[in-house]
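One file, start.txt, carrying compact mmCIF, C-alpha atoms:
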# COMPACT_ATOMS: atom_id res chain seq x y z
CA TRP A 1 0.00 0.00 0.00
CA TYR A 2 2.99 2.35 0.42
CA GLU A 3 3.16 2.78 -3.36
CA VAL A 4 -0.60 3.27 -3.87
CA ALA A 5 -2.08 6.74 -3.53
CA LYS A 6 -5.24 7.05 -1.45
CA LYS A 7 -8.39 7.85 -3.39
CA GLU A 8 -10.36 8.59 -0.22
CA PRO A 9 -9.07 9.78 3.19
CA ASP A 10 -10.67 6.89 5.12
CA GLU A 11 -10.07 4.25 2.47
CA PRO A 12 -9.44 0.81 4.04
CA ARG A 13 -6.02 -0.68 3.41
CA PRO A 14 -6.20 -4.26 4.69
CA VAL A 15 -3.17 -6.55 4.89
CA THR A 16 -3.92 -10.24 5.15
CA PRO A 17 -1.07 -11.75 7.20
CA VAL A 18 -0.95 -15.02 5.25
CA LEU A 19 2.51 -14.29 3.78
CA PHE A 20 3.84 -13.34 7.20
CA SER A 21 2.39 -16.54 8.68
CA THR A 22 3.92 -18.55 5.84
CA LEU A 23 7.40 -17.13 6.51
CA GLU A 24 7.12 -17.72 10.25
CA SER A 25 5.88 -21.27 9.69
CA LEU A 26 8.79 -22.02 7.37
CA LEU A 27 11.15 -20.48 9.93
CA ALA A 28 9.72 -22.77 12.61
CA ASP A 29 10.25 -25.82 10.36
CA ILE A 30 13.86 -24.86 9.76
CA MET A 31 14.57 -24.13 13.43
CA ASP A 32 13.09 -27.52 14.33
CA ASN A 33 16.02 -28.91 12.31
CA TYR A 34 18.70 -26.67 13.83
CA PRO A 35 22.07 -28.21 12.87
CA LYS A 36 24.86 -29.50 15.06
CA ALA A 37 28.48 -29.90 14.01
CA HIS A 38 29.86 -33.45 13.90
CA ILE A 39 33.58 -33.93 13.29
CA PHE A 40 34.73 -37.30 11.97
CA SER A 41 38.28 -38.60 11.86
CA GLU A 42 39.84 -39.82 8.63
CA GLU A 43 41.88 -42.43 10.53
CA ALA A 44 41.22 -44.33 13.74
CA LYS A 45 44.16 -42.71 15.51
CA ASP A 46 42.55 -39.28 15.03
CA GLU A 47 39.28 -40.19 16.74
CA ARG A 48 40.19 -38.49 20.02
CA VAL A 49 41.24 -35.28 18.21
CA ALA A 50 37.97 -35.25 16.22
CA GLN A 51 35.91 -35.63 19.39
CA GLY A 52 37.84 -32.85 21.10
CA LEU A 53 37.42 -30.51 18.14
CA GLU A 54 33.68 -31.24 18.02
CA LYS A 55 33.38 -30.20 21.69
CA VAL A 56 35.41 -27.03 21.12
CA ILE A 57 33.20 -26.00 18.17
CA GLY A 58 30.04 -26.74 20.15
CA ASN A 59 31.35 -24.60 23.00
CA ILE A 60 32.13 -21.69 20.65
CA LEU A 61 28.64 -21.78 19.11
CA LYS A 62 27.03 -21.99 22.55
CA LYS A 63 29.04 -19.05 23.93
CA ARG A 64 28.15 -16.95 20.88
CA ASN A 65 24.45 -17.88 21.24
CA TYR A 66 24.60 -18.96 17.61
CA ARG A 67 21.05 -20.31 17.62
CA SER A 68 19.81 -16.72 17.72
CA THR A 69 22.18 -15.72 14.88
CA TYR A 70 21.06 -18.74 12.87
CA ARG A 71 17.41 -17.75 13.34
CA GLU A 72 18.13 -14.22 12.14
CA LYS A 73 20.09 -15.57 9.17
CA VAL A 74 17.19 -17.81 8.13
CA ARG A 75 14.65 -15.01 8.50
CA GLN A 76 16.80 -12.71 6.35
CA ALA A 77 17.06 -15.40 3.65
CA LEU A 78 13.31 -16.03 3.62
CA LYS A 79 12.49 -12.32 3.42
CA LYS A 80 15.28 -10.91 1.24
CA GLY A 81 16.43 -13.98 -0.65
CA VAL A 82 19.94 -14.04 0.80
CA SER A 83 21.69 -14.06 4.15
CA VAL A 84 25.14 -12.79 5.08
CA GLN A 85 27.19 -14.02 8.03
CA GLU A 86 30.56 -12.71 9.16
CA VAL A 87 32.93 -15.14 10.91
CA PHE A 88 35.75 -13.15 12.47
CA TRP A 89 38.29 -12.97 15.28
CA ASP A 90 36.97 -10.58 17.92
CA VAL A 91 39.81 -9.23 20.08
CA ALA A 92 37.34 -7.93 22.70
CA LEU A 93 36.04 -11.38 23.67
CA SER A 94 37.25 -13.70 26.45
CA GLY A 95 38.56 -10.96 28.65
CA GLY A 96 40.65 -9.34 25.93
CA ILE A 97 42.50 -12.43 24.65
CA GLY A 98 40.07 -12.69 21.73
CA ASP A 99 37.79 -15.41 20.41
CA ILE A 100 35.80 -16.42 17.35
CA ASN A 101 32.62 -14.43 16.79
CA ILE A 102 29.74 -14.79 14.32
CA ARG A 103 27.18 -12.20 13.35
CA SER A 104 24.45 -11.79 10.78
CA TRP A 105 24.75 -8.78 8.44
CA ASP A 106 22.06 -7.05 6.41
CA ILE A 107 22.51 -7.55 2.65
CA LYS A 108 21.49 -3.90 2.17
CA SER A 109 24.78 -2.91 3.81
CA PHE A 110 26.92 -5.38 1.89
CA LEU A 111 28.34 -4.92 -1.63
CA PHE A 112 29.98 -7.67 -3.66
CA ASP A 113 31.68 -8.09 -7.02
CA PRO A 114 28.79 -8.49 -9.51
CA THR A 115 30.99 -10.33 -12.02
CA CYS A 116 31.51 -13.37 -9.76
CA GLU A 117 29.06 -16.02 -8.63
CA ASN A 118 31.22 -16.87 -5.63
CA ILE A 119 32.15 -13.94 -3.38
CA GLN A 120 35.51 -15.58 -2.64
CA GLU A 121 36.45 -15.08 -6.30
CA GLY A 122 35.45 -11.41 -6.28
CA ARG A 123 37.83 -8.49 -6.55
CA ALA A 124 36.55 -6.82 -3.39
CA ILE A 125 33.77 -6.64 -0.81
CA PHE A 126 32.39 -3.55 0.88
CA LYS A 127 30.60 -3.68 4.23
CA PHE A 128 28.85 -0.68 5.76
CA GLY A 129 27.76 0.20 9.28
CA PHE A 130 26.82 3.30 11.27
CA TYR A 131 28.50 4.20 14.55
CA HIS A 132 28.16 7.01 17.07
CA LYS A 133 30.90 9.41 18.16
CA ASN A 134 31.50 7.36 21.32
CA TRP A 135 32.44 4.34 19.22
CA PHE A 136 35.06 6.36 17.32
CA ASP A 137 36.47 7.83 20.53
CA LYS A 138 36.85 4.34 22.01
CA ASN A 139 38.32 2.57 18.98
CA PHE A 140 40.09 5.41 17.10
CA PRO A 141 40.93 8.22 19.56
CA GLY A 142 41.18 11.63 17.92
CA ALA A 143 39.86 10.43 14.55
CA PHE A 144 36.39 11.93 15.01
CA LEU A 145 37.78 15.48 15.12
CA LYS A 146 39.30 15.00 11.64
CA MET A 147 36.20 13.49 10.05
CA LYS A 148 34.03 15.45 7.63
CA GLU A 149 30.33 15.33 6.77
CA ASP A 150 29.72 12.66 4.14
CA GLY A 151 25.94 12.91 3.68
CA TYR A 152 25.31 9.20 4.24
CA THR A 153 22.45 8.14 6.53
CA LYS A 154 20.81 4.81 7.29
CA GLU A 155 18.05 5.78 4.84
CA GLY A 156 20.53 6.60 2.06
CA TYR A 157 22.51 9.57 0.79
CA SER A 158 21.28 13.03 1.71
CA ASP A 159 22.77 16.44 0.97
CA MET A 160 20.91 17.94 3.94
CA PRO A 161 23.17 19.15 6.80
CA ARG A 162 23.23 16.88 9.87
CA ASN A 163 24.13 17.27 13.49
CA HIS A 164 27.88 16.67 13.80
CA ASN A 165 27.24 14.33 16.72
CA ASP A 166 25.08 11.97 14.67
CA GLU A 167 26.18 8.54 13.58
CA TYR A 168 28.75 8.27 10.81
CA MET A 169 28.98 5.59 8.18
CA VAL A 170 32.01 3.31 8.44
CA MET A 171 33.03 1.44 5.29
CA GLU A 172 35.10 -1.73 5.46
CA TYR A 173 36.89 -2.42 2.18
CA TRP A 174 37.98 -6.06 1.90
CA TYR A 175 40.35 -7.00 -0.91
CA LYS A 176 42.94 -9.62 -1.84
CA THR A 177 46.59 -9.53 -2.78
CA TYR A 178 48.91 -12.44 -3.65
CA ASP A 179 52.27 -13.57 -2.36
CA ASP A 180 55.15 -15.07 -4.37
CA GLU A 181 53.43 -18.47 -4.37
CA GLU A 182 50.17 -16.95 -5.64
CA LYS A 183 48.53 -17.59 -2.29
CA ASP A 184 45.52 -15.37 -1.49
CA ILE A 185 46.13 -12.75 1.18
CA VAL A 186 43.02 -10.96 2.40
CA HIS A 187 43.30 -7.37 3.65
CA MET A 188 40.90 -4.80 5.04
CA ALA A 189 40.84 -1.01 5.11
CA LYS A 190 38.39 0.91 7.28
CA LEU A 191 37.23 4.40 6.27
CA ALA A 192 34.82 6.99 7.68
CA GLY A 193 34.21 10.71 7.22
CA GLY A 194 36.79 10.97 4.46
CA ILE A 195 39.71 9.58 6.45
CA LEU A 196 41.48 6.21 6.67
CA LEU A 197 40.95 4.71 10.12
CA GLU A 198 42.71 1.38 9.70
CA ARG A 199 44.67 -0.55 7.08
CA SER A 200 45.74 -4.15 7.59
CA GLU A 201 48.51 -4.00 4.96
CA LYS A 202 50.33 -1.65 7.35
CA THR A 203 49.51 -3.37 10.65
CA ASN A 204 49.40 -6.98 9.44
CA PRO A 205 51.17 -7.41 6.07
CA GLU A 206 50.65 -11.20 6.15
CA GLY A 207 46.91 -10.73 5.89
CA MET A 208 43.92 -10.62 8.20
CA TYR A 209 43.45 -14.41 8.23
CA ASN A 210 45.66 -17.34 7.29
CA HIS A 211 42.84 -19.03 5.38
CA GLY A 212 43.03 -16.26 2.75
CA MET A 213 39.24 -15.94 2.42
CA TYR A 214 36.84 -13.08 2.87
CA PRO A 215 35.33 -13.72 6.34
CA PHE A 216 31.79 -13.80 4.98
CA ILE A 217 29.33 -16.54 4.10
CA VAL A 218 26.64 -15.50 1.61
CA GLU A 219 23.74 -17.92 1.23
CA PRO A 220 21.02 -17.32 -1.40
CA LEU A 221 17.60 -18.90 -0.91
CA TYR A 222 16.68 -19.27 -4.60
CA LYS A 223 19.90 -18.54 -6.43
CA MET A 224 20.06 -16.05 -9.30
CA GLU A 225 22.27 -17.28 -12.08
CA GLY A 226 25.68 -15.62 -12.21
CA LEU A 227 25.22 -13.82 -8.87
CA PRO A 228 25.91 -14.81 -5.27
CA ILE A 229 22.48 -13.54 -4.18
CA GLY A 230 18.97 -14.86 -4.81
CA PHE A 231 15.29 -14.11 -4.36
CA GLY A 232 13.13 -14.93 -1.36
CA MET A 233 9.61 -15.96 -0.45
CA ILE A 234 8.33 -12.38 -0.61
CA ASP A 235 9.61 -12.07 -4.19
CA VAL A 236 7.76 -15.27 -5.12
CA PHE A 237 4.45 -14.58 -3.40
CA LYS A 238 4.17 -10.79 -3.08
CA ASN A 239 1.95 -10.44 -6.17
CA LEU A 240 -0.47 -13.04 -4.84
CA GLN A 241 -0.55 -11.20 -1.50
CA GLN A 242 -1.09 -7.84 -3.23
CA TYR A 243 -3.99 -9.14 -5.32
CA ALA A 244 -5.55 -10.74 -2.24
CA ASP A 245 -5.24 -7.45 -0.32
CA LYS A 246 -6.78 -5.49 -3.20
CA LEU A 247 -9.68 -7.92 -3.37
CA ASP A 248 -10.05 -7.63 0.40
CA GLN A 249 -10.16 -3.85 0.04
CA ILE A 250 -12.94 -4.13 -2.56
CA ILE A 251 -14.92 -6.41 -0.24
CA LEU A 252 -14.44 -4.07 2.75
CA LYS A 253 -15.44 -0.98 0.77
CA ASN A 254 -18.53 -2.78 -0.52
CA THR A 255 -19.40 -3.85 3.04
CA LEU A 256 -19.11 -0.26 4.27
CA MET A 257 -21.22 1.01 1.38
CA SER A 258 -23.82 -1.71 1.85
CA GLY A 259 -24.17 -0.73 5.50
CA LYS A 260 -25.21 2.80 4.55
CA LEU A 261 -28.57 3.81 3.10
CA LYS A 262 -28.97 6.70 0.69
CA MET A 263 -32.19 8.59 0.21
CA LEU A 264 -33.30 9.62 -3.28
CA ILE A 265 -35.72 12.57 -3.12
CA ASN A 266 -37.62 13.89 -6.11
CA LYS A 267 -37.03 17.64 -6.53
CA ASN A 268 -40.72 18.19 -7.15
CA ALA A 269 -41.75 16.39 -3.96
CA ASP A 270 -40.96 19.45 -1.82
CA VAL A 271 -39.70 17.31 1.11
CA ASP A 272 -37.88 18.74 4.16
CA GLU A 273 -34.54 16.88 3.78
CA GLU A 274 -33.23 17.80 7.24
CA ALA A 275 -36.41 16.51 8.86
CA MET A 276 -36.09 13.25 6.90
CA LEU A 277 -32.56 12.74 8.22
CA ASP A 278 -33.57 13.51 11.81
CA TRP A 279 -35.06 10.27 13.15
CA SER A 280 -36.18 12.01 16.36
CA LYS A 281 -38.89 13.88 14.45
CA GLU A 282 -42.15 12.00 14.23
CA VAL A 283 -43.76 14.27 11.62
CA VAL A 284 -42.24 15.30 8.26
CA THR A 285 -44.14 17.55 5.88
CA ALA A 286 -43.90 17.24 2.09
CA GLY A 287 -45.64 18.66 -0.95
CA ARG A 288 -46.10 15.21 -2.44
CA ILE A 289 -46.12 11.85 -0.68
CA ASP A 290 -45.93 8.74 -2.87
CA ASP A 291 -43.45 6.09 -4.00
CA GLY A 292 -41.99 8.46 -6.57
CA ALA A 293 -41.22 11.19 -4.03
CA VAL A 294 -38.74 9.36 -1.78
CA ARG A 295 -36.86 6.17 -2.44
CA TRP A 296 -34.19 4.37 -0.39
CA PHE A 297 -31.03 3.34 -2.20
CA GLN A 298 -28.52 0.70 -1.03
CA ALA A 299 -25.32 -0.54 -2.73
CA ALA A 300 -25.68 -4.00 -4.21
CA PRO A 301 -23.56 -6.73 -2.57
CA LEU A 302 -20.63 -8.15 -4.51
CA ASN A 303 -20.83 -11.38 -6.38
CA PRO A 304 -19.72 -14.28 -4.11
CA TYR A 305 -17.14 -15.06 -6.78
CA VAL A 306 -15.03 -12.09 -5.54
CA LEU A 307 -14.73 -13.55 -2.04
CA ALA A 308 -13.99 -17.01 -3.44
CA HIS A 309 -11.31 -15.51 -5.69
CA MET A 310 -9.60 -13.78 -2.76
CA ASN A 311 -9.63 -16.97 -0.70
CA GLY A 312 -8.18 -18.78 -3.72
CA LYS A 313 -5.23 -16.35 -3.82
CA LEU A 314 -4.55 -16.90 -0.11
CA ASP A 315 -4.79 -20.67 -0.47
CA ALA A 316 -2.36 -20.51 -3.41
CA ILE A 317 0.28 -18.91 -1.16
CA LYS A 318 -0.18 -21.67 1.43
CA GLU A 319 -0.15 -24.51 -1.09
CA GLU A 320 2.75 -23.27 -3.22
CA SER A 321 4.89 -22.44 -0.20
CA GLY A 322 4.38 -25.91 1.25
CA GLN A 323 2.58 -24.51 4.32
CA SER A 324 -0.90 -25.87 3.68
CA GLN A 325 -3.23 -27.20 6.38
CA CYS A 326 -2.02 -30.74 5.72
CA VAL A 327 1.58 -29.79 6.41
CA ARG A 328 0.57 -28.13 9.67
CA GLY A 329 -1.50 -31.18 10.66
CA GLU A 330 -4.77 -29.23 10.43
CA THR A 331 -6.39 -31.35 7.76
CA ASN A 332 -10.18 -31.18 7.59
CA LYS A 333 -10.58 -33.66 4.76
CA GLY A 334 -11.73 -36.58 6.88
CA VAL A 335 -8.21 -37.82 7.61
CA THR A 336 -7.99 -38.80 11.26
CA ALA A 337 -5.34 -41.54 11.46
CA ALA A 338 -2.03 -40.24 12.83
CA SER A 339 -0.02 -42.16 10.22
CA ALA A 340 -2.10 -40.70 7.39
CA ILE A 341 -1.71 -37.15 8.69
CA LEU A 342 2.06 -37.70 9.01
CA ALA A 343 2.18 -38.96 5.42
CA LEU A 344 0.38 -35.84 4.20
CA GLN A 345 2.75 -33.62 6.19
CA ASN A 346 5.82 -35.31 4.71
CA ALA A 347 4.42 -35.07 1.18
CA GLY A 348 3.73 -31.36 1.51
CA SER A 349 6.96 -30.29 3.24
CA LYS A 350 9.30 -30.67 0.26
CA ARG A 351 9.99 -26.94 0.08
CA SER A 352 10.94 -26.85 3.76
CA ARG A 353 13.24 -29.84 3.35
CA MET A 354 14.95 -28.24 0.36
CA ILE A 355 15.59 -25.02 2.28
CA ILE A 356 16.82 -26.96 5.33
CA ASP A 357 19.25 -28.87 3.10
CA GLN A 358 20.61 -25.59 1.72
CA MET A 359 21.00 -24.19 5.23
CA TYR A 360 23.06 -27.25 6.17
CA ASP A 361 25.43 -26.48 3.28
CA GLY A 362 25.92 -22.97 4.64
CA PHE A 363 26.44 -24.37 8.15
CA THR A 364 29.17 -26.65 6.77
CA SER A 365 30.96 -23.61 5.31
CA LEU A 366 30.64 -21.86 8.67
CA ILE A 367 32.21 -24.80 10.54
CA ARG A 368 35.11 -25.00 8.07
CA MET A 369 35.83 -21.31 8.61
CA ILE A 370 35.64 -21.74 12.40
CA VAL A 371 38.12 -24.65 12.21
CA ASP A 372 40.52 -22.46 10.21
CA LEU A 373 40.34 -19.75 12.89
CA ILE A 374 40.89 -22.35 15.62
CA LYS A 375 44.02 -23.57 13.81
CA GLU A 376 45.28 -20.02 13.53
CA ASN A 377 44.52 -18.65 16.99
CA TYR A 378 43.96 -21.41 19.54
CA THR A 379 46.69 -23.07 21.57
CA GLU A 380 46.66 -26.54 23.13
CA SER A 381 46.36 -25.12 26.62
CA ARG A 382 43.38 -22.98 25.59
CA ILE A 383 41.57 -25.95 24.04

Translate the structure described by the file into C-alpha cells.
Amino acid sequence: WYEVAKKEPDEPRPVTPVLFSTLESLLADIMDNYPKAHIFSEEAKDERVAQGLEKVIGNILKKRNYRSTYREKVRQALKKGVSVQEVFWDVALSGGIGDINIRSWDIKSFLFDPTCENIQEGRAIFKFGFYHKNWFDKNFPGAFLKMKEDGYTKEGYSDMPRNHNDEYMVMEYWYKTYDDEEKDIVHMAKLAGGILLERSEKTNPEGMYNHGMYPFIVEPLYKMEGLPIGFGMIDVFKNLQQYADKLDQIILKNTLMSGKLKMLINKNADVDEEAMLDWSKEVVTAGRIDDGAVRWFQAAPLNPYVLAHMNGKLDAIKEESGQSQCVRGETNKGVTAASAILALQNAGSKRSRMIIDQMYDGFTSLIRMIVDLIKENYTESRI
C-alpha cells in the first residue's frame, strides 16, 4: 500500500497476514532442524582429536548464542532472498585475549563483485555500518575530530546538513593480494568521514586471516544465475498477497457502502430533507407523498465469486509455499489416522526440506571457517 495513492481519506487498506504466517511457519520448520556440528576422523588414531574438536566448536557456538544468529540468518534469507554471516576474530572477547565471533549482516549494507558467482572469487567486498561518536572515541581516539560530513544516513545519501554528533557511516573495504606463491592474502581497510581509520597492509602485512578468504558466508535462498544472491519468499508470493489485499479492500469498501442507506428525493416532492434525516422527528411535511417522491437506495452486494477468488489467492500462497493445512497437521478432509496425517505432512513439506538442506550447506561452510580460525589462533592449553 505504500506505493498506492489514497483515493479517499478513510479508504481501508487491509493486509492479510498469510505471507507473514507462511514465513514464520517455514522459519519454525527450519529451526526444528537446527544443525549440530559433527567432526569425523579420517583415521582411527585421530578419533580423540575429532571428538575434542567437536566439543570445542560446540562450545564456541554456545558461547556466541549462535542459535539466535542462525534464526536471524534464516529469517533474512526467507524475506530478502539471501543471508550474510561474518565469521571473524573478535579481540574484545574472552577478557581481551580474543575469540571467534559470528554475526548476521544485512545484505542492504553489503556490496559484492557483480561479475563473480562466488564472493571468494570477487575483486573486493564492501561492508557498511553506522556508529556514534563514542564508538570512534573508544576505537580510534582523535579520529572523530578529523572526520568530515559525508551525507550518508541509514536511509541513504542526503545532501541535507546533519548534526555533527550523529552517527557516521564506516566502510570496510575487503580486498585480496597475492604472495610469491600466488597464495591469497586478504586485507581490510576501514574508512569513515573521508579519512582512513585502519589498514591491515600496514599493521598486518601477512593478511587478516591465514585461510586467505573473505570472512563472509553468503547464502542465497533461490539462487540467481551468475550472482551470489537470490530471491526470497516475498519475491515469489508478493503479487499473490497484493492481489488478495486489493480484493479484500474491494470487499471491505462494498461492506461499508452496503451498510449505509442513501435517500433519493424527487425535486418536485418538496420534502424537508433535514427533517427526513432527523429520526427524532415523528412528523415530516412534504408537498407530495408517494413512492416516486422518496426512495431508499442501497449498494448491491458483490458477487460471491469475488470472495472465493480472494480466498483462492490466499490458499495458493499456502499450497505453493508448502505450508498448507495438511503440512501443519490441520487437515479437515476426513483424515484422522495419525499415520495418514504424518504422510500428508511429509508429502507437503518438500519446500521446507529443500531449504533446510541448503542451510546445512551454509552451516558446513561456517564450521570449516571456524576450524581455520581455531588452527590459527587457539593453543593446546586454551583448548

Which neighbours of Phe363 in chain A fall inside 12 Å, counting only C-alpha atoms, when residues of the same chain fewer than 3 positions from it are skipped, and could you give them as a PDB file with C-alpha atoms, in the frame of the given file?
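For reference, part_6.pdb as written:
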ATOM      1  CA  TYR A  34      18.700 -26.670  13.830  1.00  0.00           C
ATOM      2  CA  PRO A  35      22.070 -28.210  12.870  1.00  0.00           C
ATOM      3  CA  LYS A  36      24.860 -29.500  15.060  1.00  0.00           C
ATOM      4  CA  ALA A  37      28.480 -29.900  14.010  1.00  0.00           C
ATOM      5  CA  HIS A  38      29.860 -33.450  13.900  1.00  0.00           C
ATOM      6  CA  LEU A  61      28.640 -21.780  19.110  1.00  0.00           C
ATOM      7  CA  TYR A  66      24.600 -18.960  17.610  1.00  0.00           C
ATOM      8  CA  ARG A  67      21.050 -20.310  17.620  1.00  0.00           C
ATOM      9  CA  THR A  69      22.180 -15.720  14.880  1.00  0.00           C
ATOM     10  CA  TYR A  70      21.060 -18.740  12.870  1.00  0.00           C
ATOM     11  CA  LYS A  73      20.090 -15.570   9.170  1.00  0.00           C
ATOM     12  CA  VAL A  74      17.190 -17.810   8.130  1.00  0.00           C
ATOM     13  CA  GLN A  85      27.190 -14.020   8.030  1.00  0.00           C
ATOM     14  CA  VAL A  87      32.930 -15.140  10.910  1.00  0.00           C
ATOM     15  CA  ILE A 102      29.740 -14.790  14.320  1.00  0.00           C
ATOM     16  CA  ILE A 217      29.330 -16.540   4.100  1.00  0.00           C
ATOM     17  CA  VAL A 218      26.640 -15.500   1.610  1.00  0.00           C
ATOM     18  CA  GLU A 219      23.740 -17.920   1.230  1.00  0.00           C
ATOM     19  CA  ILE A 356      16.820 -26.960   5.330  1.00  0.00           C
ATOM     20  CA  ASP A 357      19.250 -28.870   3.100  1.00  0.00           C
ATOM     21  CA  GLN A 358      20.610 -25.590   1.720  1.00  0.00           C
ATOM     22  CA  MET A 359      21.000 -24.190   5.230  1.00  0.00           C
ATOM     23  CA  TYR A 360      23.060 -27.250   6.170  1.00  0.00           C
ATOM     24  CA  LEU A 366      30.640 -21.860   8.670  1.00  0.00           C
ATOM     25  CA  ILE A 367      32.210 -24.800  10.540  1.00  0.00           C
ATOM     26  CA  ARG A 368      35.110 -25.000   8.070  1.00  0.00           C
ATOM     27  CA  MET A 369      35.830 -21.310   8.610  1.00  0.00           C
ATOM     28  CA  ILE A 370      35.640 -21.740  12.400  1.00  0.00           C
TER      29      ILE A 370
END

Select, counting all atoms listed in the file, all protein, DNA and RNA residues no farther than 9 Å from (-14.8, -9.8, -2.2) in file coordinates, and express the selection as a PyMOL selection string. chain A and resi 247-252+254+302-311

Write out as JSON, numbers by chain each polymer residue whose atoms come within 10 Å of Leu19 in chain A, counting only C-alpha atoms; drop sequence neighbours fewer than 2 positions from it. {"A": [15, 16, 17, 21, 22, 23, 24, 25, 233, 234, 237, 238, 240, 241, 314, 317, 318, 321]}

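Proximity ranking of A:Glu282, A:Glu172, A:Glu42, A:Asp29 relative to Ala124 in chain A places A:Glu172 first, based on all atoms listed in the file.
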
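Shell of Val186 in chain A at 10 Å, with only C-alpha atoms counted and residues fewer than 4 places along the chain excluded, is Ala124, Trp174, Tyr175, Lys176, Thr177, Tyr178, Ser200, Glu201, Pro205, Glu206, Gly207, Met208, Tyr209, Asn210, His211, Gly212, Met213, Tyr214 and Pro215 of chain A.
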
With 12 Å as the threshold, what does the neighbourhood of (-20.0, 1.4, 4.7) contain in terms of residues, counting all atoms listed in the file? Coordinates are those of the file; answer as number ranges by chain. A: 10-12, 250-262, 298-301

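The space separating CA of Ile119 in chain A from CA of Asn59 in chain A comes to 28.5 Å.
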
Expressed in Å, the length from CA of Asp32 in chain A to CA of Arg71 in chain A is 10.7 Å

Residue among A:Glu155, A:Asn139, A:Phe144, A:Leu78 lying closest to Val91 in chain A, counting all atoms listed in the file: A:Asn139

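When CA of Ile383 in chain A is paired with CA of Gly52 in chain A, their separation reads 8.4 Å.
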